[in-house]
>>> print(open('run19.csv').read())   # CSV, C-alpha atoms
chain,number,residue,atom,x,y,z
A,291,MET,CA,94.2,93.0,99.3
A,292,LYS,CA,93.0,96.1,97.5
A,293,ALA,CA,91.9,96.2,93.8
A,294,LEU,CA,91.0,99.0,91.4
A,295,VAL,CA,88.3,98.4,88.9
A,296,THR,CA,88.0,100.9,86.0
A,297,GLY,CA,84.6,101.3,84.6
A,298,ALA,CA,83.2,99.9,87.9
A,299,ASN,CA,79.6,101.0,87.1
A,300,GLY,CA,79.5,99.1,83.8
A,301,PHE,CA,78.1,95.7,83.0
A,302,THR,CA,81.3,93.7,83.5
A,303,GLY,CA,82.8,96.1,86.0
A,304,SER,CA,79.9,96.0,88.4
A,305,HIS,CA,79.8,92.2,88.4
A,306,LEU,CA,83.5,92.2,89.1
A,307,VAL,CA,83.1,94.7,92.0
A,308,ARG,CA,80.5,92.5,93.6
A,309,GLU,CA,82.5,89.3,93.3
A,310,LEU,CA,85.7,90.9,94.6
A,311,GLU,CA,83.8,92.3,97.6
A,312,ARG,CA,82.2,88.9,98.2
A,313,GLN,CA,85.6,87.4,98.3
A,314,GLY,CA,86.8,90.0,100.8
A,315,TYR,CA,88.8,92.4,98.7
A,316,GLU,CA,88.8,96.1,99.3
A,317,VAL,CA,87.7,97.7,96.1
A,318,VAL,CA,88.2,101.1,94.5
A,319,GLY,CA,86.1,102.1,91.4
A,320,LEU,CA,87.1,104.6,88.8
A,321,VAL,CA,84.1,106.1,87.1
A,322,ARG,CA,83.2,109.2,85.1
A,323,PRO,CA,81.6,112.1,87.0
A,324,SER,CA,78.4,111.6,85.0
A,325,SER,CA,78.2,107.8,85.4
A,326,ASP,CA,75.0,106.0,86.3
A,327,LEU,CA,75.8,104.3,89.5
A,328,SER,CA,72.7,102.2,89.8
A,329,ARG,CA,74.5,98.9,89.2
A,330,LEU,CA,76.6,99.6,92.3
A,331,GLN,CA,73.8,99.8,94.7
A,332,ASP,CA,74.6,98.1,98.0
A,333,CYS,CA,78.3,97.9,97.1
A,334,SER,CA,80.8,99.2,99.6
A,335,LEU,CA,83.6,100.2,97.3
A,336,SER,CA,85.3,103.6,97.3
A,337,LEU,CA,84.7,105.7,94.2
A,338,VAL,CA,87.1,108.0,92.4
A,339,LYS,CA,85.4,110.1,89.8
A,340,GLY,CA,87.3,111.6,86.8
A,341,ASP,CA,88.6,111.2,83.3
A,342,LEU,CA,90.3,107.9,82.4
A,343,CYS,CA,93.0,109.9,80.6
A,344,ASP,CA,93.7,112.3,83.5
A,345,ARG,CA,96.9,111.1,85.0
A,346,ALA,CA,96.3,112.8,88.4
A,347,THR,CA,92.9,111.1,88.7
A,348,VAL,CA,94.3,107.7,87.8
A,349,GLU,CA,97.2,108.1,90.2
A,350,LYS,CA,94.7,108.9,93.0
A,351,ALA,CA,92.5,105.9,92.1
A,352,MET,CA,95.5,103.6,91.9
A,353,SER,CA,97.2,104.7,95.2
A,354,GLY,CA,97.9,101.7,97.4
A,355,VAL,CA,96.2,99.1,95.2
A,356,ASP,CA,97.6,95.6,94.7
A,357,TRP,CA,95.6,94.7,91.5
A,358,VAL,CA,94.2,96.8,88.7
A,359,PHE,CA,91.3,95.5,86.5
A,360,HIS,CA,90.9,97.6,83.5
A,361,THR,CA,87.3,97.1,82.2
A,362,ALA,CA,86.4,100.6,81.1
A,363,ALA,CA,85.8,101.0,77.4
A,364,TYR,CA,83.7,102.7,74.8
A,365,VAL,CA,81.8,99.8,73.3
A,366,GLU,CA,79.6,100.4,70.3
A,367,ILE,CA,79.2,99.1,66.7
A,368,GLY,CA,77.5,101.3,64.1
A,369,VAL,CA,77.4,105.1,64.1
A,370,VAL,CA,80.0,106.2,66.6
A,371,ASN,CA,82.3,109.1,67.4
A,372,ALA,CA,85.6,107.5,66.5
A,373,GLN,CA,87.7,110.3,68.1
A,374,ALA,CA,85.9,109.9,71.4
A,375,MET,CA,86.2,106.2,71.2
A,376,ALA,CA,90.0,106.4,70.5
A,377,LYS,CA,90.4,108.7,73.5
A,378,VAL,CA,88.8,106.2,75.9
A,379,ASN,CA,90.0,102.9,74.4
A,380,ILE,CA,93.5,103.8,73.3
A,381,GLU,CA,94.6,106.8,75.4
A,382,GLY,CA,92.7,105.7,78.5
A,383,THR,CA,94.4,102.3,78.3
A,384,ARG,CA,97.8,103.9,77.8
A,385,THR,CA,97.3,106.1,81.0
A,386,ILE,CA,96.2,103.1,83.0
A,387,MET,CA,99.1,100.9,82.0
A,388,GLU,CA,101.8,103.6,82.4
A,389,THR,CA,100.4,104.6,85.8
A,390,ALA,CA,100.3,101.0,86.9
A,391,LYS,CA,104.0,100.6,85.9
A,392,GLN,CA,104.9,103.8,87.7
A,393,GLN,CA,103.0,102.7,90.9
A,394,GLN,CA,104.5,99.2,90.7
A,395,VAL,CA,101.2,97.5,90.9
A,396,SER,CA,101.7,93.7,91.4
A,397,LYS,CA,99.1,92.6,88.8
A,398,VAL,CA,97.1,94.2,86.0
A,399,VAL,CA,94.3,92.4,84.2
A,400,TYR,CA,93.1,94.0,81.0
A,401,CYS,CA,89.7,93.2,79.6
A,402,SER,CA,90.3,93.0,75.8
A,403,THR,CA,88.2,91.2,73.2
A,404,ILE,CA,88.5,88.2,70.8
A,405,GLY,CA,88.0,90.9,68.2
A,406,VAL,CA,91.7,91.9,68.4
A,407,LEU,CA,92.4,88.6,66.6
A,408,GLY,CA,90.6,90.0,63.5
A,409,ASP,CA,88.4,88.0,61.2
A,410,THR,CA,89.5,84.4,61.4
A,411,LYS,CA,87.2,83.5,58.5
A,412,GLY,CA,85.7,80.7,60.5
A,413,GLU,CA,89.0,79.1,61.5
A,414,VAL,CA,89.2,78.1,65.1
A,415,VAL,CA,92.2,79.9,66.6
A,416,ASP,CA,94.0,80.2,70.0
A,417,GLU,CA,96.2,82.8,71.6
A,418,THR,CA,99.1,82.0,69.3
A,419,PHE,CA,97.2,83.2,66.2
A,420,THR,CA,98.6,86.3,64.4
A,421,ARG,CA,95.9,88.6,63.1
A,422,GLN,CA,95.6,88.2,59.3
A,423,GLN,CA,93.0,90.9,58.7
A,424,GLN,CA,94.8,94.0,57.5
A,425,SER,CA,91.9,96.5,57.6
A,426,PHE,CA,89.5,97.1,60.5
A,427,SER,CA,85.9,96.3,60.7
A,428,SER,CA,84.9,99.3,62.8
A,429,PRO,CA,86.4,102.1,65.0
A,430,TYR,CA,85.8,99.7,68.0
A,431,ASP,CA,87.9,97.0,66.2
A,432,TRP,CA,90.7,99.5,65.5
A,433,THR,CA,90.7,101.1,68.9
A,434,LYS,CA,90.7,97.8,70.8
A,435,TYR,CA,93.5,96.5,68.6
A,436,GLU,CA,95.6,99.6,69.2
A,437,ALA,CA,94.9,99.3,73.0
A,438,GLN,CA,96.0,95.7,73.0
A,439,LYS,CA,99.3,96.7,71.3
A,440,ILE,CA,99.9,99.2,74.1
A,441,VAL,CA,99.3,96.5,76.7
A,442,ASP,CA,101.6,94.0,74.9
A,443,GLU,CA,104.3,96.7,74.7
A,444,MET,CA,104.0,97.5,78.4
A,445,ALA,CA,104.2,93.8,79.2
A,446,GLN,CA,107.5,93.6,77.3
A,447,GLN,CA,108.7,96.5,79.4
A,448,GLY,CA,108.1,94.6,82.6
A,449,LEU,CA,104.5,95.5,83.5
A,450,PRO,CA,102.9,92.3,85.1
A,451,VAL,CA,99.8,92.5,82.9
A,452,VAL,CA,97.5,89.7,81.7
A,453,SER,CA,95.0,90.1,78.9
A,454,ILE,CA,91.6,88.5,78.9
A,455,LEU,CA,89.9,88.1,75.5
A,456,PRO,CA,86.2,87.4,76.0
A,457,SER,CA,83.6,86.6,73.3
A,458,GLY,CA,80.1,88.0,73.5
A,459,ILE,CA,79.3,88.7,77.2
A,460,MET,CA,75.8,87.9,78.5
A,461,GLY,CA,74.1,88.2,81.9
A,462,ALA,CA,70.8,89.0,83.5
A,463,ASP,CA,71.4,92.8,83.2
A,464,ASP,CA,73.1,92.4,79.8
A,465,PRO,CA,72.5,95.8,78.0
A,466,HIS,CA,72.6,94.1,74.5
A,467,PHE,CA,71.4,90.5,74.2
A,468,GLY,CA,69.1,91.0,77.3
A,469,GLN,CA,67.0,93.3,75.2
A,470,ILE,CA,66.7,90.7,72.4
A,471,ILE,CA,65.6,88.1,74.9
A,472,ARG,CA,63.0,90.5,76.3
A,473,LEU,CA,61.6,91.2,72.9
A,474,PHE,CA,61.6,87.5,72.0
A,475,THR,CA,59.7,86.5,75.2
A,476,GLU,CA,57.2,89.3,74.5
A,477,GLY,CA,56.6,87.8,71.0
A,478,LYS,CA,57.8,91.0,69.4
A,479,LEU,CA,60.8,89.5,67.5
A,480,LYS,CA,59.4,88.3,64.3
A,481,PHE,CA,62.5,88.3,62.1
A,482,TRP,CA,66.3,88.0,62.6
A,483,PRO,CA,69.2,87.9,60.2
A,484,ALA,CA,71.9,85.2,59.7
A,485,ARG,CA,70.3,82.4,61.7
A,486,ASP,CA,73.1,80.1,60.6
A,487,ARG,CA,75.8,82.3,62.0
A,488,ALA,CA,77.6,80.7,65.0
A,489,THR,CA,78.5,83.1,67.8
A,490,GLY,CA,80.6,82.6,70.9
A,491,ILE,CA,79.3,83.7,74.3
A,492,VAL,CA,80.3,83.8,77.9
A,493,HIS,CA,78.3,84.5,81.1
A,494,VAL,CA,79.5,87.8,82.7
A,495,ASP,CA,80.0,86.0,86.1
A,496,ASP,CA,82.2,83.4,84.4
A,497,LEU,CA,84.2,86.2,82.8
A,498,VAL,CA,84.6,87.8,86.2
A,499,THR,CA,85.8,84.5,87.6
A,500,ALA,CA,88.4,84.2,84.8
A,501,MET,CA,89.6,87.8,85.5
A,502,ILE,CA,90.2,87.1,89.1
A,503,LYS,CA,91.9,83.8,88.3
A,504,ALA,CA,94.0,85.7,85.8
A,505,ALA,CA,95.1,88.0,88.7
A,506,GLN,CA,95.9,85.1,90.9
A,507,LEU,CA,97.4,82.6,88.4
A,508,GLY,CA,97.8,84.3,85.0
A,509,LYS,CA,101.4,84.6,83.7
A,510,PRO,CA,102.4,88.2,83.0
A,511,GLY,CA,102.3,89.1,79.3
A,512,GLU,CA,100.0,86.2,78.4
A,513,ARG,CA,96.6,86.4,76.7
A,514,TYR,CA,93.7,84.1,77.7
A,515,ILE,CA,90.7,83.6,75.4
A,516,ILE,CA,87.4,83.4,77.4
A,517,SER,CA,84.4,81.8,75.8
A,518,ALA,CA,81.9,79.1,77.0
A,519,GLY,CA,81.5,77.9,73.4
A,520,GLU,CA,79.4,78.9,70.4
A,521,MET,CA,76.0,78.2,69.0
A,522,LYS,CA,74.2,79.2,65.8
A,523,ILE,CA,71.8,82.2,66.3
A,524,GLY,CA,68.9,80.1,64.9
A,525,GLU,CA,69.7,77.3,67.4
A,526,MET,CA,69.6,79.8,70.3
A,527,PHE,CA,66.1,81.0,69.2
A,528,ASP,CA,65.0,77.4,68.7
A,529,LEU,CA,66.1,76.5,72.2
A,530,MET,CA,64.3,79.5,73.7
A,531,SER,CA,61.2,78.8,71.6
A,532,GLU,CA,61.1,75.2,72.9
A,533,LYS,CA,61.3,76.5,76.5
A,534,THR,CA,58.7,79.3,76.1
A,535,GLY,CA,56.4,78.3,73.3
A,536,VAL,CA,57.1,81.6,71.6
A,537,PRO,CA,57.6,81.1,67.8
A,538,THR,CA,61.2,81.4,66.7
A,539,PRO,CA,62.0,84.4,64.5
A,540,LYS,CA,62.0,83.9,60.8
A,541,GLU,CA,65.1,84.4,58.6
A,542,ALA,CA,65.3,88.0,57.4
A,543,PRO,CA,66.4,88.1,53.7
A,544,GLN,CA,70.0,89.2,53.5
A,545,TRP,CA,69.5,91.4,50.5
A,546,LEU,CA,66.8,93.3,52.4
A,547,VAL,CA,68.9,93.7,55.5
A,548,ARG,CA,71.8,95.1,53.5
A,549,ILE,CA,69.5,97.6,51.7
A,550,ILE,CA,68.0,98.8,55.0
A,551,ALA,CA,71.5,99.2,56.5
A,552,ASN,CA,72.7,101.2,53.5
A,553,VAL,CA,69.7,103.5,53.9
A,554,LEU,CA,69.9,104.0,57.6
A,555,THR,CA,73.6,104.4,58.0
A,556,PRO,CA,73.9,107.9,56.3
A,557,LEU,CA,70.7,108.9,58.2
A,558,GLY,CA,72.4,107.9,61.5
A,559,HIS,CA,75.4,110.1,60.7
A,560,LEU,CA,73.2,113.0,59.6
A,561,LEU,CA,71.0,112.9,62.7
A,562,ASN,CA,73.6,111.7,65.2
A,563,TRP,CA,71.4,108.6,65.7
A,564,GLN,CA,72.2,104.9,66.3
A,565,PRO,CA,70.0,103.0,63.8
A,566,PRO,CA,69.0,99.4,64.6
A,567,LEU,CA,70.8,98.4,61.4
A,568,SER,CA,74.0,99.9,60.0
A,569,ARG,CA,76.7,98.8,57.5
A,570,GLU,CA,79.0,98.0,60.4
A,571,ARG,CA,76.4,95.8,62.2
A,572,VAL,CA,75.6,94.0,59.0
A,573,HIS,CA,79.3,93.4,58.3
A,574,TYR,CA,79.7,91.8,61.7
A,575,VAL,CA,76.6,89.6,61.2
A,576,TYR,CA,77.3,88.4,57.6
A,577,ASP,CA,81.0,89.0,56.7
A,578,ARG,CA,83.1,88.6,59.8
A,579,ARG,CA,83.5,85.4,61.8
A,580,VAL,CA,85.9,85.0,64.8
A,581,ARG,CA,86.1,81.4,66.2
A,582,VAL,CA,88.2,80.6,69.2
A,583,ASP,CA,89.8,77.8,71.3
A,584,THR,CA,89.7,78.3,75.1
A,585,THR,CA,91.9,75.4,76.1
A,586,LYS,CA,94.6,77.6,77.6
A,587,ALA,CA,92.3,79.4,80.0
A,588,ARG,CA,90.6,76.1,81.0
A,589,THR,CA,94.0,74.5,81.8
A,590,GLU,CA,96.3,77.3,83.0
A,591,LEU,CA,93.6,79.2,85.0
A,592,ASN,CA,91.5,76.1,85.9
A,593,TRP,CA,88.5,78.0,84.5
A,594,GLN,CA,85.3,76.0,84.2
A,595,PRO,CA,82.4,78.1,82.7
A,596,ARG,CA,78.8,77.1,82.5
A,597,SER,CA,77.8,75.9,79.0
A,598,VAL,CA,76.1,77.9,76.3
A,599,GLU,CA,72.8,76.0,77.0
A,600,GLU,CA,73.0,76.7,80.7
A,601,ILE,CA,73.6,80.4,80.0
A,602,LEU,CA,70.6,80.7,77.7
A,603,ASN,CA,68.3,78.8,80.1
A,604,GLU,CA,69.4,80.9,83.0
A,605,LEU,CA,68.8,84.2,81.2
A,606,LEU,CA,65.5,83.0,79.8
A,607,ASN,CA,64.3,82.0,83.3
A,608,GLN,CA,65.3,85.3,84.7
A,609,GLN,CA,63.5,87.2,82.0
A,610,VAL,CA,60.3,85.1,82.5
A,611,LYS,CA,60.5,85.7,86.2
A,612,SER,CA,60.9,89.5,85.8
A,613,THR,CA,57.8,89.7,83.6
A,614,SER,CA,55.6,87.4,85.6
>>> encode(input="run19.csv", output="structure tokens")
Amino acid sequence: MKALVTGANGFTGSHLVRELERQGYEVVGLVRPSSDLSRLQDCSLSLVKGDLCDRATVEKAMSGVDWVFHTAAYVEIGVVNAQAMAKVNIEGTRTIMETAKQQQVSKVVYCSTIGVLGDTKGEVVDETFTRQQQSFSSPYDWTKYEAQKIVDEMAQQGLPVVSILPSGIMGADDPHFGQIIRLFTEGKLKFWPARDRATGIVHVDDLVTAMIKAAQLGKPGERYIISAGEMKIGEMFDLMSEKTGVPTPKEAPQWLVRIIANVLTPLGHLLNWQPPLSRERVHYVYDRRVRVDTTKARTELNWQPRSVEEILNELLNQQVKSTS
């Protein structure tokens, strides 16, 4: 069996490549010419370098493959180039799906996000939920929603594609939450906003397992929500504090966080700089809450992820080992 992984050098993509190779699959990776390939050290995959939107490049990468895993995406919240994001997330997805249909690939797995469901306002929803939010919270929210529409339309046209909708993805080499854990263990994280906000997470390796199971067992046209569960931010820090003895961060005043975000956002646009706080980031922290039910993935895909507590303990232990 031969599989193509788009965005093979990324966080999720690289973990997927390693697991596919471990299971004996032949892997092709589609990456940008300028991509950092350090995550793929010791991997034996074949690389095709080029633009995700270039049909000739995608056709070359997809030649002779049985499965396509589309993980490539422009992921960022805050100050972003919306036009560049749309090209990658929307047009890139269109190119992948149309080429897969043309090449008669036997299965496509698209890595979407629970964000396409929109703000559920704290209601726990499953794959049958119809998005109620009319506006979009960010260019990322908009571009992933439009990309999902393309995937759904291609499924209706007969493309055997399955959509995986993960919550927050974590892992030892996590480029986002991993930095937070590092700062916490070093005692440098004194304040944090919205400690009472519950957030859903999934370990990257459990996500990878779900994606491979989706290729094997998933029904074409179906969506599968992927999350280990949720926990309040404050509870996460309290758990880590108990394990390490490092004091848990104090609650940052919401009014102060919003003022800082309102000041830094225009500066970020002016200086082409990604500030640590922006209006979009604050919106996601305080105003938007997506809660999900993962029963479908657990039953139809026989997916059994590690718990939120196990994920945090594992990441914390790895961080402590790396600094000792």
>>> residues_around(input="run19.csv", residues="Lys391 of chain A", least_positions_apart="6", cutoff="10 Å", atoms="only C-alpha atoms", output="PyMOL selection string")
chain A and resi 385+397-398+444-445+447-451
>>> closest_residue(input="run19.csv", among="A:Thr383, A:Thr302, A:Gln438, A:Gln373", to="Gly405 of chain A", atoms="only C-alpha atoms")
A:Gln438
>>> residues_around(input="run19.csv", residues="Glu413 of chain A", least_positions_apart="3", cutoff="10 Å", atoms="only C-alpha atoms", output="PyMOL selection string")
chain A and resi 409-410+416+579-583
>>> residues_around(input="run19.csv", residues="Ser517 of chain A", least_positions_apart="3", cutoff="8 Å", atoms="only C-alpha atoms", output="PyMOL selection string")
chain A and resi 456-458+490-492+520+582+584
>>> residues_around(input="run19.csv", residues="segment 293-296 of chain A", least_positions_apart="2", cutoff="7 Å", atoms="all atoms listed in the file", output="ChimeraX atom specification")
/A:291,298,303,315-321,352,355-362
>>> closest_residue(input="run19.csv", among="A:Thr489, A:Asn379, A:Ser396, A:Gln469", to="Ile440 of chain A", atoms="all atoms listed in the file")
A:Asn379
>>> atom_distance(input="run19.csv", atom1="atom CA of Val610 of chain A", atom2="atom CA of His466 of chain A")
17.2 Å
>>> residues_near_point(input="run19.csv", point="(75.9, 98.3, 92.6)", cutoff="9 Å", atoms="all atoms listed in the file", output="VMD selection string")
chain A and resid 298 to 299 304 to 305 307 to 308 327 to 334
